[in-house]
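A.B. asks: For reference, the file work08.cif (mmCIF, C-alpha atoms) is included below:
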data_structure
loop_
_atom_site.label_atom_id
_atom_site.label_comp_id
_atom_site.auth_asym_id
_atom_site.auth_seq_id
_atom_site.Cartn_x
_atom_site.Cartn_y
_atom_site.Cartn_z
CA MET A 218 47.59 9.95 -6.93
CA ASP A 219 45.09 11.94 -8.96
CA LEU A 220 41.82 12.11 -7.07
CA ALA A 221 39.87 13.83 -9.83
CA PRO A 222 38.17 10.64 -11.13
CA ILE A 223 36.92 9.86 -7.62
CA TRP A 224 35.32 13.24 -7.02
CA LEU A 225 33.89 13.22 -10.52
CA SER A 226 32.37 9.75 -10.10
CA ILE A 227 30.83 10.72 -6.78
CA ARG A 228 29.41 13.96 -8.16
CA VAL A 229 28.01 12.21 -11.25
CA SER A 230 26.47 9.42 -9.18
CA ILE A 231 24.87 11.69 -6.58
CA ILE A 232 23.19 13.83 -9.23
CA ALA A 233 22.18 10.80 -11.31
CA VAL A 234 20.69 9.02 -8.29
CA GLY A 235 18.89 12.17 -7.17
CA VAL A 236 17.07 12.26 -10.49
CA VAL A 237 16.63 8.49 -10.73
CA PHE A 238 15.19 8.35 -7.20
CA ILE A 239 12.35 10.70 -8.11
CA VAL A 240 11.74 9.38 -11.62
CA GLY A 241 12.10 5.71 -10.65
CA THR A 242 9.82 5.93 -7.62
CA GLY A 243 7.25 7.94 -9.54
CA LEU A 244 7.27 5.52 -12.46
CA ALA A 245 6.98 2.52 -10.16
CA VAL A 246 3.97 3.99 -8.34
CA VAL A 247 2.22 5.01 -11.55
CA LEU A 248 2.97 1.81 -13.48
CA GLN A 249 2.15 -0.49 -10.61
CA ARG A 250 -1.06 1.18 -9.47
CA TYR A 251 -2.70 2.45 -12.62
CA SER A 252 -3.46 0.59 -15.78
CA PHE A 253 -3.50 2.51 -19.03
CA ARG A 254 -2.57 2.00 -22.66
CA GLY A 255 1.14 1.70 -23.26
CA ARG A 256 1.96 0.79 -19.67
CA THR A 257 3.79 -2.37 -20.64
CA ILE A 258 5.75 -0.58 -23.34
CA ILE A 259 6.93 2.10 -20.91
CA GLU A 260 7.95 -0.55 -18.40
CA ALA A 261 9.88 -2.51 -21.04
CA LEU A 262 11.69 0.65 -22.16
CA VAL A 263 12.66 1.51 -18.58
CA MET A 264 13.99 -2.00 -17.98
CA LEU A 265 15.81 -2.30 -21.33
CA PRO A 266 19.15 -0.72 -20.26
CA LEU A 267 19.49 -3.50 -17.70
CA VAL A 268 19.83 -6.15 -20.38
CA LEU A 269 21.38 -4.17 -23.22
CA PRO A 270 25.14 -3.72 -23.37
CA PRO A 271 25.92 -0.23 -22.05
CA THR A 272 27.58 0.58 -25.36
CA VAL A 273 24.21 0.17 -27.05
CA ALA A 274 22.58 2.49 -24.52
CA GLY A 275 25.49 4.86 -25.18
CA PHE A 276 24.93 4.62 -28.90
CA PHE A 277 21.30 5.67 -28.53
CA LEU A 278 22.28 8.51 -26.25
CA LEU A 279 24.83 9.61 -28.83
CA LEU A 280 22.11 9.67 -31.49
CA LEU A 281 19.83 11.65 -29.17
CA LEU A 282 22.31 14.09 -27.68
CA GLY A 283 24.86 14.36 -30.51
CA LYS A 284 25.28 17.47 -32.65
CA ASN A 285 22.73 16.19 -35.16
CA GLY A 286 20.46 14.48 -32.66
CA PRO A 287 17.04 16.02 -31.89
CA LEU A 288 17.92 16.97 -28.33
CA GLY A 289 21.53 17.82 -29.13
CA ARG A 290 20.49 20.23 -31.85
CA LEU A 291 18.01 21.95 -29.56
CA LEU A 292 20.59 22.37 -26.81
CA ASN A 293 23.19 23.47 -29.33
CA TYR A 294 20.81 26.26 -30.33
CA PHE A 295 21.12 27.58 -26.77
CA GLY A 296 24.88 27.16 -26.90
CA ILE A 297 24.98 24.06 -24.72
CA GLN A 298 26.99 21.05 -25.74
CA ILE A 299 26.21 17.97 -23.71
CA ILE A 300 28.34 15.37 -25.47
CA PHE A 301 31.83 14.97 -23.98
CA SER A 302 30.89 16.94 -20.85
CA TRP A 303 30.43 15.47 -17.38
CA TRP A 304 26.69 16.03 -17.83
CA ALA A 305 26.79 13.37 -20.52
CA ALA A 306 28.36 10.99 -18.02
CA THR A 307 25.55 11.85 -15.57
CA ILE A 308 22.86 11.18 -18.16
CA ALA A 309 24.51 7.86 -19.09
CA SER A 310 24.49 6.91 -15.40
CA MET A 311 20.81 7.81 -15.05
CA VAL A 312 19.80 5.60 -17.96
CA VAL A 313 21.62 2.53 -16.66
CA ALA A 314 20.67 3.13 -13.01
CA LEU A 315 16.96 3.76 -13.58
CA PRO A 316 15.95 0.10 -14.05
CA LEU A 317 17.52 -0.86 -10.72
CA MET A 318 15.74 1.91 -8.85
CA TYR A 319 12.48 1.12 -10.61
CA GLN A 320 12.74 -2.59 -9.89
CA GLY A 321 13.54 -2.06 -6.20
CA VAL A 322 10.53 0.18 -5.62
CA LYS A 323 8.25 -1.94 -7.76
CA SER A 324 8.93 -5.18 -5.91
CA SER A 325 8.34 -3.43 -2.60
CA LEU A 326 5.08 -1.88 -3.79
CA GLU A 327 3.87 -5.28 -4.91
CA SER A 328 4.41 -6.67 -1.45
CA VAL A 329 2.31 -3.99 0.28
CA ASP A 330 -0.97 -5.55 1.40
CA LEU A 331 -3.79 -3.90 -0.55
CA ASN A 332 -6.11 -4.47 2.42
CA LEU A 333 -4.11 -1.91 4.36
CA GLU A 334 -4.70 0.70 1.69
CA GLN A 335 -8.38 -0.16 1.54
CA VAL A 336 -8.83 0.15 5.29
CA ALA A 337 -7.03 3.51 5.19
CA ARG A 338 -9.55 4.67 2.60
CA THR A 339 -12.49 3.64 4.78
CA LEU A 340 -10.89 5.68 7.57
CA GLY A 341 -11.19 8.78 5.41
CA ALA A 342 -7.80 8.91 3.72
CA GLY A 343 -7.64 10.10 0.11
CA GLU A 344 -5.22 8.61 -2.42
CA ALA A 345 -2.40 11.04 -1.65
CA ARG A 346 -2.58 10.34 2.08
CA VAL A 347 -2.72 6.58 1.50
CA LEU A 348 0.43 6.82 -0.62
CA ARG A 349 2.26 9.04 1.85
CA THR A 350 1.29 7.31 5.10
CA ILE A 351 0.83 3.65 4.11
CA THR A 352 2.21 2.66 0.73
CA LEU A 353 5.54 4.50 0.69
CA PRO A 354 6.52 3.89 4.34
CA LEU A 355 5.91 0.17 3.82
CA SER A 356 7.92 0.26 0.58
CA TRP A 357 10.87 1.84 2.37
CA PRO A 358 13.15 -1.22 2.15
CA GLY A 359 12.76 -1.38 -1.62
CA ILE A 360 13.26 2.35 -2.01
CA VAL A 361 16.48 2.30 0.02
CA SER A 362 17.91 -0.73 -1.71
CA GLY A 363 16.89 0.79 -5.05
CA VAL A 364 18.85 3.94 -4.19
CA VAL A 365 21.92 1.94 -3.18
CA MET A 366 21.80 -0.32 -6.23
CA ALA A 367 21.33 2.69 -8.50
CA PHE A 368 24.19 4.55 -6.81
CA THR A 369 26.67 1.66 -7.00
CA ARG A 370 25.64 0.88 -10.58
CA SER A 371 26.15 4.52 -11.42
CA LEU A 372 29.62 4.56 -9.80
CA GLY A 373 30.58 1.57 -11.91
CA GLU A 374 29.15 2.80 -15.22
CA PHE A 375 31.69 2.42 -18.03
CA GLY A 376 30.41 1.61 -21.52
CA ALA A 377 27.77 4.26 -22.08
CA THR A 378 29.88 6.86 -20.27
CA LEU A 379 32.85 6.23 -22.58
CA MET A 380 30.61 6.54 -25.64
CA VAL A 381 28.99 9.86 -24.73
CA ALA A 382 31.41 11.52 -22.34
CA GLY A 383 34.72 10.16 -23.59
CA ASN A 384 37.88 9.91 -21.55
CA ILE A 385 39.06 13.42 -20.79
CA PRO A 386 41.24 13.42 -17.63
CA GLY A 387 39.97 15.87 -15.05
CA LYS A 388 36.83 16.50 -17.04
CA THR A 389 34.96 13.32 -17.95
CA GLN A 390 37.27 10.60 -16.70
CA THR A 391 35.29 8.70 -14.06
CA ILE A 392 36.72 5.88 -11.92
CA PRO A 393 35.87 3.00 -14.28
CA VAL A 394 37.16 4.94 -17.27
CA ALA A 395 40.35 5.78 -15.37
CA VAL A 396 40.85 2.10 -14.50
CA TYR A 397 40.62 1.20 -18.18
CA SER A 398 42.88 4.05 -19.15
CA PHE A 399 45.57 3.36 -16.55
CA ALA A 400 45.59 -0.38 -17.08
CA SER A 401 45.84 -0.12 -20.86
CA SER A 402 48.79 2.25 -20.54
CA GLY A 403 50.50 -0.23 -18.18
CA ASP A 404 49.99 1.85 -14.99
CA MET A 405 48.78 -1.10 -12.90
CA ALA A 406 49.36 0.70 -9.58
CA GLY A 407 47.23 3.67 -10.67
CA ALA A 408 44.49 1.36 -11.87
CA GLY A 409 44.76 -0.67 -8.66
CA TYR A 410 44.12 2.36 -6.43
CA MET A 411 41.01 3.23 -8.36
CA VAL A 412 39.80 -0.36 -8.22
CA MET A 413 40.35 -0.52 -4.46
CA ILE A 414 38.39 2.64 -3.82
CA LEU A 415 35.51 1.62 -6.07
CA VAL A 416 35.27 -1.84 -4.54
CA ALA A 417 35.50 -0.51 -0.98
CA VAL A 418 32.75 2.09 -1.47
CA SER A 419 30.44 -0.28 -3.33
CA PHE A 420 30.95 -3.14 -0.91
CA SER A 421 30.28 -1.02 2.17
CA LEU A 422 27.10 0.41 0.69
CA VAL A 423 25.70 -2.94 -0.40
CA PHE A 424 26.71 -4.50 2.91
CA ALA A 425 25.14 -1.67 4.92
CA VAL A 426 21.84 -1.84 3.09
CA SER A 427 21.63 -5.62 3.51
CA ALA A 428 22.28 -5.34 7.24
CA TRP A 429 19.77 -2.51 7.60
CA ARG A 430 17.14 -4.37 5.63
CA ARG A 431 17.38 -7.38 7.87
CA LYS A 432 16.90 -5.16 10.91
CA PHE A 433 13.99 -3.31 9.31
CA ILE A 434 12.18 -6.51 8.48
CA ARG A 435 12.58 -7.76 12.03
CA TRP A 436 10.83 -4.62 13.30
CA TYR A 437 7.49 -5.50 11.81
CA MET B 113 -30.68 2.39 8.73
CA LEU B 114 -28.85 0.63 5.95
CA ARG B 115 -30.54 -0.58 2.83
CA VAL B 116 -28.60 -2.74 0.41
CA GLN B 117 -30.20 -3.96 -2.74
CA PHE B 118 -28.04 -4.97 -5.65
CA GLU B 119 -27.24 -7.55 -8.22
CA THR B 120 -23.79 -8.17 -9.56
CA ARG B 121 -22.04 -10.79 -11.62
CA LEU B 122 -19.04 -12.37 -9.98
CA THR B 123 -16.71 -14.95 -11.52
CA ASN B 124 -18.91 -18.03 -11.07
CA PHE B 125 -22.30 -16.73 -10.08
CA ILE B 126 -24.64 -13.81 -9.81
CA LEU B 127 -24.85 -12.25 -6.36
CA LYS B 128 -28.21 -10.84 -5.35
CA THR B 129 -28.60 -8.93 -2.13
CA ASP B 130 -31.63 -7.45 -0.50
CA ILE B 131 -31.05 -6.59 3.13
CA VAL B 132 -31.96 -3.95 5.63
CA ALA B 133 -29.89 -3.30 8.73
CA GLU B 134 -31.31 -1.39 11.67
CA ASN B 135 -29.42 -0.21 14.72
CA LYS B 136 -28.49 -3.68 15.87
CA ILE B 137 -26.28 -6.50 14.80
CA LEU B 138 -27.10 -8.03 11.45
CA VAL B 139 -25.40 -11.31 10.65
CA LEU B 140 -24.87 -12.46 7.10
CA PHE B 141 -24.08 -16.10 6.99
CA GLY B 142 -23.33 -18.60 4.30
CA PRO B 143 -20.45 -20.85 3.26
CA SER B 144 -17.05 -19.46 2.24
CA GLY B 145 -16.87 -18.26 -1.31
CA SER B 146 -20.55 -17.38 -1.42
CA GLY B 147 -19.96 -13.66 -1.76
CA LYS B 148 -20.34 -12.46 1.83
CA SER B 149 -17.09 -10.51 1.93
CA THR B 150 -17.86 -9.02 -1.45
CA ILE B 151 -21.08 -7.56 -0.06
CA LEU B 152 -19.15 -5.87 2.74
CA LYS B 153 -16.63 -4.45 0.27
CA MET B 154 -19.44 -3.09 -1.85
CA ILE B 155 -21.10 -1.46 1.14
CA ALA B 156 -17.76 0.09 2.13
CA GLY B 157 -17.18 1.32 -1.42
CA LEU B 158 -14.10 -0.80 -2.01
CA ALA B 159 -15.83 -2.62 -4.85
CA MET B 160 -18.76 -1.60 -7.02
CA PRO B 161 -21.81 -3.69 -7.84
CA GLN B 162 -23.11 -3.68 -11.39
CA ASN B 163 -26.51 -2.37 -10.51
CA GLY B 164 -28.55 -1.58 -7.48
CA LEU B 165 -28.84 0.82 -4.59
CA ILE B 166 -27.00 1.29 -1.32
CA LYS B 167 -28.50 3.77 1.09
CA LEU B 168 -27.37 4.65 4.59
CA ASN B 169 -29.54 6.84 6.84
CA GLY B 170 -31.28 8.32 3.82
CA ARG B 171 -28.02 9.14 2.02
CA ILE B 172 -27.43 7.36 -1.27
CA LEU B 173 -23.95 5.83 -1.34
CA PHE B 174 -24.37 3.92 -4.54
CA SER B 175 -27.01 4.06 -7.18
CA SER B 176 -26.62 2.61 -10.63
CA ALA B 177 -29.77 4.43 -11.76
CA ASP B 178 -28.48 7.86 -10.69
CA ARG B 179 -24.82 7.04 -11.40
CA ILE B 180 -23.84 7.78 -7.83
CA LYS B 181 -20.64 6.20 -6.51
CA VAL B 182 -19.50 7.73 -3.24
CA LYS B 183 -15.80 7.05 -2.62
CA PRO B 184 -14.95 4.95 0.45
CA GLN B 185 -13.28 7.87 2.24
CA PHE B 186 -16.54 9.84 2.17
CA ARG B 187 -18.89 7.03 3.23
CA ASN B 188 -18.32 7.22 6.96
CA ILE B 189 -18.40 3.46 7.32
CA GLY B 190 -16.12 1.53 9.66
CA PHE B 191 -14.56 -1.62 8.24
CA VAL B 192 -12.86 -4.41 10.16
CA PRO B 193 -11.44 -6.87 7.63
CA GLN B 194 -10.89 -10.53 8.35
CA ASP B 195 -7.16 -10.28 9.06
CA TYR B 196 -7.72 -6.91 10.85
CA ALA B 197 -5.26 -5.16 8.48
CA LEU B 198 -3.53 -3.19 11.21
CA PHE B 199 -0.87 -0.86 9.84
CA PRO B 200 2.33 -2.75 10.73
CA HIS B 201 4.57 0.34 10.83
CA LEU B 202 2.39 2.25 13.28
CA THR B 203 1.92 1.75 17.01
CA VAL B 204 -1.46 0.81 18.44
CA LYS B 205 -2.01 4.46 19.33
CA ASP B 206 -1.22 5.66 15.81
CA ASN B 207 -3.30 2.91 14.27
CA VAL B 208 -6.31 3.96 16.29
CA GLY B 209 -5.67 7.65 15.61
CA TYR B 210 -5.33 7.20 11.84
CA GLY B 211 -8.94 8.04 11.07
CA ILE B 212 -9.31 11.13 13.22
CA VAL B 213 -7.89 14.48 12.34
CA ARG B 214 -5.05 15.74 14.48
CA LYS B 215 -6.79 18.98 15.35
CA ILE B 216 -5.31 22.22 16.58
CA ASN B 217 -5.41 20.83 20.08
CA PRO B 218 -3.10 17.82 20.21
CA GLY B 219 -4.15 17.02 23.79
CA ASP B 220 -7.68 16.42 22.60
CA TYR B 221 -6.43 14.04 19.91
CA GLU B 222 -4.42 12.07 22.49
CA SER B 223 -7.24 11.88 25.00
CA ARG B 224 -9.74 10.70 22.40
CA ILE B 225 -7.42 7.85 21.48
CA LEU B 226 -6.79 6.89 25.09
CA GLN B 227 -10.49 6.97 25.87
CA MET B 228 -11.20 4.72 22.92
CA LEU B 229 -8.45 2.31 23.93
CA GLU B 230 -9.93 2.14 27.41
CA THR B 231 -13.37 1.39 26.00
CA VAL B 232 -12.00 -1.76 24.38
CA ARG B 233 -9.70 -2.36 27.39
CA ILE B 234 -6.33 -2.17 25.64
CA ALA B 235 -4.95 1.13 26.96
CA HIS B 236 -1.87 -0.70 28.25
CA LEU B 237 -0.96 -1.72 24.68
CA LYS B 238 -0.83 1.78 23.24
CA ASP B 239 2.87 1.80 22.36
CA ARG B 240 3.06 -1.71 20.94
CA PHE B 241 3.39 -2.55 17.27
CA PRO B 242 0.81 -4.87 15.68
CA LYS B 243 3.34 -7.69 15.47
CA GLN B 244 3.52 -7.71 19.26
CA LEU B 245 -0.21 -8.31 19.70
CA SER B 246 -2.24 -11.48 20.13
CA GLY B 247 -5.23 -12.21 17.91
CA GLY B 248 -7.75 -10.90 20.41
CA GLU B 249 -5.73 -7.75 21.06
CA ALA B 250 -5.35 -7.08 17.33
CA GLN B 251 -9.10 -7.50 16.94
CA ARG B 252 -9.72 -4.88 19.61
CA VAL B 253 -7.30 -2.44 17.98
CA ALA B 254 -9.09 -2.89 14.66
CA LEU B 255 -12.44 -2.26 16.37
CA ALA B 256 -11.12 0.82 18.14
CA ARG B 257 -9.60 2.18 14.93
CA ALA B 258 -12.93 1.86 13.13
CA LEU B 259 -15.22 3.06 15.94
CA ILE B 260 -13.23 6.16 16.91
CA THR B 261 -14.21 7.83 13.62
CA GLU B 262 -17.86 7.76 14.76
CA PRO B 263 -18.99 5.75 11.72
CA ALA B 264 -22.64 5.49 10.75
CA LEU B 265 -22.21 1.75 10.22
CA LEU B 266 -19.66 -0.88 11.16
CA LEU B 267 -18.77 -3.79 8.89
CA LEU B 268 -17.02 -6.84 10.32
CA ASP B 269 -15.67 -9.62 8.12
CA GLU B 270 -15.44 -12.94 10.01
CA PRO B 271 -14.54 -11.09 13.22
CA LEU B 272 -14.46 -14.17 15.43
CA SER B 273 -13.27 -16.97 13.18
CA ALA B 274 -9.55 -16.57 13.91
CA LEU B 275 -9.98 -16.62 17.69
CA ASP B 276 -10.02 -19.57 20.06
CA ALA B 277 -13.22 -20.61 21.81
CA ASP B 278 -12.84 -18.66 25.07
CA LEU B 279 -11.84 -15.48 23.33
CA LYS B 280 -14.65 -15.93 20.85
CA LEU B 281 -17.22 -15.78 23.65
CA GLU B 282 -15.55 -12.82 25.27
CA LEU B 283 -15.37 -10.78 22.08
CA GLN B 284 -18.85 -11.78 21.06
CA GLU B 285 -20.14 -10.30 24.26
CA GLU B 286 -18.02 -7.23 23.73
CA LEU B 287 -19.32 -6.69 20.21
CA TYR B 288 -22.80 -6.87 21.63
CA GLY B 289 -21.90 -4.25 24.24
CA LEU B 290 -20.20 -1.96 21.73
CA GLN B 291 -23.17 -2.11 19.42
CA LYS B 292 -25.48 -1.05 22.28
CA GLN B 293 -23.11 1.76 23.18
CA TRP B 294 -22.65 3.13 19.64
CA ASN B 295 -26.20 2.39 18.57
CA ILE B 296 -25.39 1.99 14.87
CA PRO B 297 -25.92 -1.04 12.65
CA PHE B 298 -23.16 -3.66 12.86
CA VAL B 299 -23.10 -5.90 9.81
CA LEU B 300 -21.18 -9.05 10.52
CA VAL B 301 -20.24 -11.82 8.15
CA THR B 302 -19.62 -15.40 9.19
CA HIS B 303 -19.58 -18.89 7.76
CA ASP B 304 -20.11 -20.50 11.16
CA TYR B 305 -23.71 -20.78 12.24
CA ARG B 306 -22.73 -21.37 15.86
CA GLU B 307 -21.20 -17.92 16.03
CA VAL B 308 -24.52 -16.44 15.11
CA GLU B 309 -26.72 -18.31 17.50
CA ARG B 310 -25.37 -16.60 20.55
CA LEU B 311 -25.64 -13.07 19.25
CA GLU B 312 -28.77 -11.10 19.69
CA ALA B 313 -29.09 -10.21 16.09
CA GLY B 314 -31.00 -10.04 12.91
CA ARG B 315 -29.90 -12.44 10.25
CA ALA B 316 -29.79 -12.65 6.52
CA ARG B 317 -29.40 -16.13 5.26
CA LEU B 318 -27.81 -17.02 2.00
CA THR B 319 -29.73 -19.10 -0.46
CA MET B 320 -27.86 -20.57 -3.34
CA ALA B 321 -29.71 -21.71 -6.40
CA ASP B 322 -27.35 -22.87 -9.11
CA GLU B 323 -26.18 -19.69 -10.71
CA VAL B 324 -27.54 -17.22 -8.24
CA HIS B 325 -26.46 -16.55 -4.67
CA LYS B 326 -29.08 -14.59 -2.87
CA PHE B 327 -28.79 -12.83 0.44
CA THR B 328 -32.17 -12.04 1.83
CA PHE B 329 -34.30 -12.37 4.95
CA SER B 330 -36.08 -15.66 4.74
CA GLU B 331 -39.19 -16.36 6.82
CA THR B 332 -37.41 -18.39 9.47
CA ASP B 333 -34.58 -15.91 9.77
CA ARG B 334 -36.53 -12.75 10.29
CA PRO B 335 -34.65 -10.51 12.67
CA LYS B 336 -35.53 -11.81 16.09
CA VAL B 337 -34.25 -11.40 19.56
CA ASN B 338 -32.32 -14.18 21.23
CA THR B 339 -31.25 -14.00 24.79
CA LEU B 340 -27.51 -13.99 25.10
CA LYS B 341 -26.51 -17.29 26.64
CA LEU B 342 -22.94 -17.54 27.76
#
Would you mind writing the structure in this file as structure tokens?
C.D. replies:
Amino acid sequence: MDLAPIWLSIRVSIIAVGVVFIVGTGLAVVLQRYSFRGRTIIEALVMLPLVLPPTVAGFFLLLLLGKNGPLGRLLNYFGIQIIFSWWAATIASMVVALPLMYQGVKSSLESVDLNLEQVARTLGAGEARVLRTITLPLSWPGIVSGVVMAFTRSLGEFGATLMVAGNIPGKTQTIPVAVYSFASSGDMAGAGYMVMILVAVSFSLVFAVSAWRRKFIRWY
Amino acid sequence: MLRVQFETRLTNFILKTDIVAENKILVLFGPSGSGKSTILKMIAGLAMPQNGLIKLNGRILFSSADRIKVKPQFRNIGFVPQDYALFPHLTVKDNVGYGIVRKINPGDYESRILQMLETVRIAHLKDRFPKQLSGGEAQRVALARALITEPALLLLDEPLSALDADLKLELQEELYGLQKQWNIPFVLVTHDYREVERLEAGRARLTMADEVHKFTFSETDRPKVNTLKL
């Protein structure tokens, strides 16, 4: 069995989630705590990939990163071609995983009692210390489940990945793309292995985070 | 000495305050929803009045005329909110230590916390989490957490209302003792007149006239000394 799609999917998802973790948490903190013009628009844009078909997200990425796209042209100038590389698959994963990370952190932030933050301020803590010692530790369950949801979503990303990264075995063929590829060429056993691995990894992660969350909540 | 004089428009009424708190307990009382908690928040810097002046020991904390708004973290005011707001993820010890800087000497930090816990008689609870505390114990942790920072003023929002009758008396007496010991103004808010009667305290009564809620010292409620009857 060719393991390349598995390693590729894991590599793509780890990098995508690494970026999404920082961007998603940052966005959630900023959008939830500060009000400014355009806040709602930014939030809607972040959430959009959740409801759009991934092929539509892929289409926009193609426009942006393609040879004639604004970003694609700039990168091309430096001799970098993103489209049909595994970086394109990573970017596609980021876009579809971001709303899940964002939503997880946001719902946790909303449940943090503002009184706690206010008391911390009266005890001499500035905004950064309040965030680091009160807000984020209490949002931990949402951050962890956001990471897991983003990671599993990223592992399972198909539509946008196919649009921007294509289906190049050993190069851009991730697990979901391989499943499609194998199954459509009649290799049901090959597709079945991939399916089993994907389901096993995703199930264990989602199961683990649910179990952990229950324990965490009991603590307090 | 604390001087609070402001006027601010809230949702349904205008809140007017004119109170002075000396180094004793000052009780603000009036029905729920009359703006008592809002006054405490404004003194602590957690909310801003529209105009007026808040002055503590000669230092201006808020002045609409001079556009001064000192942030809560620089006001040096202890605040014990109604539900105590203990940090649920920290132990009693870490809750109490939150407001003091972990200096170069960690032993000093530890001993300050332990000493404070002993003052409010909860040293045995130091490793518990807030969820494992009773109402009276949580109250003491909140008091310790605020007092350890050596505040110039302590604000208490309905400190006794959530406690049962026996505990109420006990903590009332303890508040009285702590105030004597720290010798700073304690400003306490309550909706229950009976809570006030037993405290040796000055009082500001709320008068409500249609659109305006006014906290001020009225003739009959001039700060006076009651003997503590228990």
A.B. asks: Got a sec: who's within 8 Å of region 194-201 of chain B, counting all atoms listed in the file, leaving out chain neighbours fewer than 3 positions off, as a VMD selection string?
C.D. replies: (chain A and resid 332 to 333 336 351 354 to 355 437) or (chain B and resid 207 241 to 243 250 to 251 253 to 254 268 to 271)
A.B. asks: List the residues matched by the PyMOL selection byres ((chain B and resi 291-293) around 12) in the displayed structure as a PyMOL selection string, ordered by chain and then by residue number.
C.D. replies: chain B and resi 134-138+231-232+255+259+262-268+283-290+294-300+311-313
A.B. asks: Spell out the residues picked by the PyMOL selection byres ((chain A and resi 273) around 12) here, as a ChimeraX atom specification.
C.D. replies: /A:265-272,274-280,309,312-313,375-381
A.B. asks: Could you please take those selected residues and save C-alpha atoms as a short mmCIF file (atom, residue, chain, number, x, y, z; two decimals), in the coordinates of the input?
C.D. replies:
data_model
loop_
_atom_site.label_atom_id
_atom_site.label_comp_id
_atom_site.auth_asym_id
_atom_site.auth_seq_id
_atom_site.Cartn_x
_atom_site.Cartn_y
_atom_site.Cartn_z
CA LEU A 265 15.81 -2.30 -21.33
CA PRO A 266 19.15 -0.72 -20.26
CA LEU A 267 19.49 -3.50 -17.70
CA VAL A 268 19.83 -6.15 -20.38
CA LEU A 269 21.38 -4.17 -23.22
CA PRO A 270 25.14 -3.72 -23.37
CA PRO A 271 25.92 -0.23 -22.05
CA THR A 272 27.58 0.58 -25.36
CA ALA A 274 22.58 2.49 -24.52
CA GLY A 275 25.49 4.86 -25.18
CA PHE A 276 24.93 4.62 -28.90
CA PHE A 277 21.30 5.67 -28.53
CA LEU A 278 22.28 8.51 -26.25
CA LEU A 279 24.83 9.61 -28.83
CA LEU A 280 22.11 9.67 -31.49
CA ALA A 309 24.51 7.86 -19.09
CA VAL A 312 19.80 5.60 -17.96
CA VAL A 313 21.62 2.53 -16.66
CA PHE A 375 31.69 2.42 -18.03
CA GLY A 376 30.41 1.61 -21.52
CA ALA A 377 27.77 4.26 -22.08
CA THR A 378 29.88 6.86 -20.27
CA LEU A 379 32.85 6.23 -22.58
CA MET A 380 30.61 6.54 -25.64
CA VAL A 381 28.99 9.86 -24.73
#
A.B. asks: Choose the residue, out of B:Arg257, B:Lys167, B:Lys148, B:Lys205, that has the smallest atom-to-atom separation from Asp239 (chain B); count all atoms listed in the file.
C.D. replies: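 Residue with the minimum atom-to-atom distance to Asp239 (chain B): B:Lys205.
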A.B. asks: Which of these, A:Leu220, A:Met311, A:Leu372, A:Ala342, has the shortest distance to chain B once you count all atoms listed in the file?
C.D. replies: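 Of the candidates, the smallest distance to chain B is held by A:Ala342.
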A.B. asks: Between CA of Gly283 (chain A) and CA of Phe238 (chain A), what distance in Å does the model show, to one decimal?
C.D. replies: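 Separating CA of Gly283 (chain A) from CA of Phe238 (chain A) is a distance of 25.9 Å.
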A.B. asks: Got a minute to add N, CA and C atoms to region 250-259 of chain B and dump it as a CSV table (one decimal), keeping the file's coordinate frame?
C.D. replies:
chain,number,residue,atom,x,y,z
B,250,ALA,N,-5.3,-7.7,18.7
B,250,ALA,CA,-5.4,-7.1,17.3
B,250,ALA,C,-6.8,-6.8,16.9
B,251,GLN,N,-7.7,-7.7,17.2
B,251,GLN,CA,-9.1,-7.5,16.9
B,251,GLN,C,-9.6,-6.2,17.6
B,252,ARG,N,-9.2,-6.1,18.9
B,252,ARG,CA,-9.7,-4.9,19.6
B,252,ARG,C,-9.2,-3.6,19.0
B,253,VAL,N,-7.9,-3.6,18.6
B,253,VAL,CA,-7.3,-2.4,18.0
B,253,VAL,C,-8.1,-2.1,16.7
B,254,ALA,N,-8.4,-3.1,15.9
B,254,ALA,CA,-9.1,-2.9,14.7
B,254,ALA,C,-10.5,-2.3,14.9
B,255,LEU,N,-11.1,-2.8,16.0
B,255,LEU,CA,-12.4,-2.3,16.4
B,255,LEU,C,-12.3,-0.8,16.8
B,256,ALA,N,-11.3,-0.5,17.6
B,256,ALA,CA,-11.1,0.8,18.1
B,256,ALA,C,-10.8,1.8,17.0
B,257,ARG,N,-10.0,1.3,16.1
B,257,ARG,CA,-9.6,2.2,14.9
B,257,ARG,C,-10.8,2.6,14.1
B,258,ALA,N,-11.7,1.6,13.9
B,258,ALA,CA,-12.9,1.9,13.1
B,258,ALA,C,-13.9,2.7,13.9
B,259,LEU,N,-14.2,2.4,15.2
B,259,LEU,CA,-15.2,3.1,15.9
B,259,LEU,C,-14.9,4.5,16.3
